[in-house]
Amino acid sequence: MPRQNMEDNAMAPMTSSGNGWEILADEREIAERILELKRERNAIILAHNYQRPEVQDLGDFVGDSLGLARKAAETDAEVIVFCGVHFMAETASIFCPHKTVLLPDINAGCPMADMAAAREVKRVRERYPRAAVVSYVNTTAEVKAVSDYCCTSSNAVEVVRSVEAEEIIFVPDRNLAAYVAERVEGKRIIPWNGFCHVHQGISVEDVLEALREHPDAEVIAHPECTREVLRLAHHIESTSGMLRAASASAAREFILATEAGMLYPLSKAAPGKRFYPPAREPLCPNMKLTTLSKILRSLETLAPEVKVPEGIRVRALPAVERMLAVTA
């Protein structure tokens, strides 16, 4: 099925009923110019699994937040083009202070990250002086700077288990905090009252309706979903874990309780299988802001650049280094 030209519409729906997308002629020309500039600039393109298909196809690495953070920390490239949202580019800047980190659309933010401010985290720490702060990577650099550990959805359980403190202030996702609390013994999880509006918006009825249409399908859900949705899931995984789960499962059909951009990498990883969104397709407008034209302009101008101030960076670095030290 031909994919729509999403250059003109940041919220154009993404479907995978045909498990395929076509490259448009103008996109092909833009992509060729991007690749030329990438070589000239000694740049690397990192793309999140929720990005548009044509953006993912250009990525030197496509993955989840943990994988992208690792690639940013390891790369020898002088320029990092981050096709994701603002906190991801900030994390790359924390690891790579001497590199140029570009975010093709500076307005690509994360509403959940904005639900926690560093000053508020400090106040909660004062109320729980014996607690450690574990911040989801979906937070600002300022919040990471007042945290003891960072984690991603793929290693949150392992990170919390590794913390010596018995009390954990978990910032900012209440759903991921609940998921962790059910799987870690001997810890008191103090959840922040934040959430991902995309995953929070996936309802039980949305999933059940999709299952009624595809009764043999297995449900793969992201741990940012509500507990009620997670109870319906055959697999609870980060986006990278979804790829592994779908490939390993004997099922031929899957309902994906996560952002709809994940349909594309799954259709590529397991072309013989079918992937469907819940009844109402979950879309993150911020993840769809990055387009090929914006990537090209970003490489041409080396802007917009995301650079974390050094005073914040050095305080945030230990927390994100601890995140990478824990194997997912």
# chains A, B, ... in the order shown; residues from 1 in each chain; ligands from 1

$ residues_around --residues "Ala31 of chain A" --least-positions-apart "3" --cutoff "12 Å" --atoms "only C-alpha atoms" --output "CSV table (one decimal) with N, CA and C atoms, in the first residue's frame"
chain,number,residue,atom,x,y,z
A,23,ILE,N,8.9,4.8,-1.6
A,23,ILE,CA,9.7,6.0,-1.6
A,23,ILE,C,9.3,6.9,-2.7
A,24,LEU,N,8.9,8.1,-2.4
A,24,LEU,CA,8.5,9.0,-3.4
A,24,LEU,C,9.7,9.6,-4.1
A,25,ALA,N,9.6,10.1,-5.4
A,25,ALA,CA,10.7,10.5,-6.2
A,25,ALA,C,11.4,11.7,-5.5
A,26,ASP,N,10.6,12.7,-5.0
A,26,ASP,CA,11.3,13.9,-4.4
A,26,ASP,C,12.0,13.5,-3.1
A,27,GLU,N,11.5,12.6,-2.4
A,27,GLU,CA,12.1,12.1,-1.2
A,27,GLU,C,13.5,11.4,-1.5
A,28,ARG,N,13.5,10.7,-2.6
A,28,ARG,CA,14.7,10.0,-3.0
A,28,ARG,C,15.8,11.0,-3.3
A,34,ILE,N,21.1,14.3,1.4
A,34,ILE,CA,21.4,14.1,2.8
A,34,ILE,C,22.6,13.2,2.9
A,35,LEU,N,22.7,12.1,2.2
A,35,LEU,CA,23.8,11.2,2.3
A,35,LEU,C,25.1,11.8,1.9
A,36,GLU,N,25.0,12.7,0.9
A,36,GLU,CA,26.2,13.4,0.4
A,36,GLU,C,26.7,14.3,1.5
A,37,LEU,N,25.8,15.1,2.1
A,37,LEU,CA,26.2,16.0,3.2
A,37,LEU,C,26.7,15.3,4.4
A,38,LYS,N,26.1,14.2,4.7
A,38,LYS,CA,26.5,13.4,5.8
A,38,LYS,C,27.9,13.0,5.7
A,45,ILE,N,23.4,9.7,11.6
A,45,ILE,CA,22.0,9.9,11.7
A,45,ILE,C,21.4,8.8,12.6
A,54,GLU,N,10.5,7.1,6.1
A,54,GLU,CA,11.6,7.6,5.3
A,54,GLU,C,12.7,8.1,6.1
A,55,VAL,N,12.4,8.5,7.3
A,55,VAL,CA,13.5,9.0,8.2
A,55,VAL,C,14.2,7.8,8.8
A,56,GLN,N,13.5,6.7,9.2
A,56,GLN,CA,14.1,5.5,9.7
A,56,GLN,C,15.0,4.9,8.6
A,57,ASP,N,14.6,4.9,7.4
A,57,ASP,CA,15.4,4.3,6.3
A,57,ASP,C,16.7,5.0,6.1
A,58,LEU,N,16.8,6.3,6.5
A,58,LEU,CA,18.1,7.0,6.4
A,58,LEU,C,19.0,6.8,7.6
A,59,GLY,N,18.5,6.3,8.7
A,59,GLY,CA,19.3,6.2,9.9
A,59,GLY,C,20.4,5.3,9.8
A,291,THR,N,11.3,15.6,9.3
A,291,THR,CA,11.1,15.2,7.9
A,291,THR,C,12.4,15.2,7.2
A,292,LEU,N,12.4,14.7,6.0
A,292,LEU,CA,13.7,14.7,5.2
A,292,LEU,C,14.1,16.1,4.9
A,293,SER,N,13.2,17.0,4.6
A,293,SER,CA,13.6,18.4,4.3
A,293,SER,C,14.2,19.0,5.5
A,294,LYS,N,13.7,18.7,6.7
A,294,LYS,CA,14.3,19.3,7.9
A,294,LYS,C,15.7,18.8,8.2
A,295,ILE,N,15.9,17.5,7.9
A,295,ILE,CA,17.2,16.9,8.1
A,295,ILE,C,18.2,17.5,7.1
A,296,LEU,N,17.8,17.7,5.9
A,296,LEU,CA,18.7,18.3,4.9
A,296,LEU,C,19.0,19.7,5.3
A,297,ARG,N,18.1,20.5,5.7
A,297,ARG,CA,18.4,21.9,6.2
A,297,ARG,C,19.3,21.9,7.4
A,299,LEU,N,21.6,19.7,8.2
A,299,LEU,CA,23.0,19.4,7.8
A,299,LEU,C,23.6,20.5,7.0

$ closest_atom_pairs --of "segment 21-69 of chain A" --to "segment 238-261 of chain A" --cutoff "8 Å" --atoms "only C-alpha atoms" --output "JSON lines"
{"residue": "A:Asn49", "atom": "CA", "partner": "A:Gly261", "partner_atom": "CA", "distance": 6.5}
{"residue": "A:Tyr50", "atom": "CA", "partner": "A:Gly261", "partner_atom": "CA", "distance": 4.1}
{"residue": "A:Gln51", "atom": "CA", "partner": "A:Gly261", "partner_atom": "CA", "distance": 5.9}
{"residue": "A:Arg52", "atom": "CA", "partner": "A:Gly261", "partner_atom": "CA", "distance": 6.4}
{"residue": "A:Pro53", "atom": "CA", "partner": "A:Gly261", "partner_atom": "CA", "distance": 7.6}
{"residue": "A:Gly63", "atom": "CA", "partner": "A:Ser240", "partner_atom": "CA", "distance": 6.2}
{"residue": "A:Asp64", "atom": "CA", "partner": "A:Ser240", "partner_atom": "CA", "distance": 5.8}

$ closest_residue --among "A:Pro278, A:Lys288, A:Ala178, A:Val198" --to "Glu218 of chain A" --atoms "only C-alpha atoms"
A:Pro278

$ select_by_dssp --residues "segment 38-166 of chain A" --states "helix (DSSP H, G or I)" --output "VMD selection string"
chain A and resid 38 to 41 53 to 58 65 to 74 86 to 95 113 to 115 118 to 127 141 to 145 156 to 162

$ residues_around --residues "Cys110 of chain A" --least-positions-apart "6" --cutoff "10 Å" --atoms "only C-alpha atoms" --output "PDB file with C-alpha atoms, in the first residue's frame"
ATOM      1  CA  GLY A  84      13.762  11.981  17.795  1.00  0.00           C
ATOM      2  CA  VAL A  85      12.729  14.457  20.463  1.00  0.00           C
ATOM      3  CA  HIS A  86      14.550  17.060  22.532  1.00  0.00           C
ATOM      4  CA  PHE A  87      15.521  14.989  25.586  1.00  0.00           C
ATOM      5  CA  MET A  88      17.213  12.455  23.293  1.00  0.00           C
ATOM      6  CA  ASN A 138      12.431  10.859  29.104  1.00  0.00           C
ATOM      7  CA  THR A 139      13.392  13.828  31.285  1.00  0.00           C
ATOM      8  CA  THR A 140      15.209  17.109  30.793  1.00  0.00           C
ATOM      9  CA  CYS A 196       3.075   9.609  28.172  1.00  0.00           C
ATOM     10  CA  HIS A 197      -0.106  10.998  26.670  1.00  0.00           C
ATOM     11  CA  CYS A 284       2.876  11.211  18.775  1.00  0.00           C
ATOM     12  CA  PRO A 285       2.873  14.524  16.885  1.00  0.00           C
ATOM     13  CA  ASN A 286       6.344  15.390  18.194  1.00  0.00           C
ATOM     14  CA  MET A 287       7.837  12.183  16.810  1.00  0.00           C
TER      15      MET A 287
END

$ select_by_dssp --residues "segment 70-199 of chain A" --states "strand (DSSP E or B)" --output "PyMOL selection string"
chain A and resi 79-83+100-102+132-136+149-151+167-171+173+188-191+194

$ write_last_selection --atoms "C-alpha atoms" --output "PDB file, in the first residue's frame"
ATOM      1  CA  VAL A  79      28.050  15.621  13.951  1.00  0.00           C
ATOM      2  CA  ILE A  80      25.092  13.727  15.428  1.00  0.00           C
ATOM      3  CA  VAL A  81      21.747  14.257  13.716  1.00  0.00           C
ATOM      4  CA  PHE A  82      19.147  13.108  16.232  1.00  0.00           C
ATOM      5  CA  CYS A  83      15.841  12.181  14.670  1.00  0.00           C
ATOM      6  CA  THR A 100      27.664  19.016  17.259  1.00  0.00           C
ATOM      7  CA  VAL A 101      24.270  17.540  18.140  1.00  0.00           C
ATOM      8  CA  LEU A 102      21.472  18.546  15.771  1.00  0.00           C
ATOM      9  CA  ALA A 132      17.446   7.630  45.539  1.00  0.00           C
ATOM     10  CA  VAL A 133      16.108   9.361  42.450  1.00  0.00           C
ATOM     11  CA  VAL A 134      15.759   7.193  39.345  1.00  0.00           C
ATOM     12  CA  SER A 135      14.789   9.299  36.364  1.00  0.00           C
ATOM     13  CA  TYR A 136      13.453   7.881  33.162  1.00  0.00           C
ATOM     14  CA  TYR A 149      20.336   7.110  38.128  1.00  0.00           C
ATOM     15  CA  CYS A 150      18.680   7.239  34.741  1.00  0.00           C
ATOM     16  CA  CYS A 151      16.929   4.326  33.076  1.00  0.00           C
ATOM     17  CA  GLU A 167      13.211   3.933  48.661  1.00  0.00           C
ATOM     18  CA  ILE A 168      13.134   5.035  45.024  1.00  0.00           C
ATOM     19  CA  ILE A 169      11.663   8.282  43.739  1.00  0.00           C
ATOM     20  CA  PHE A 170      10.752   7.291  40.190  1.00  0.00           C
ATOM     21  CA  VAL A 171      10.415  10.223  37.784  1.00  0.00           C
ATOM     22  CA  ASP A 173       6.190   8.099  34.406  1.00  0.00           C
ATOM     23  CA  ARG A 188       9.414   1.202  47.974  1.00  0.00           C
ATOM     24  CA  ILE A 189       8.671   2.992  44.709  1.00  0.00           C
ATOM     25  CA  ILE A 190       7.535   6.605  45.108  1.00  0.00           C
ATOM     26  CA  PRO A 191       6.010   7.438  41.717  1.00  0.00           C
ATOM     27  CA  GLY A 194       3.522  11.952  35.000  1.00  0.00           C
TER      28      GLY A 194
END
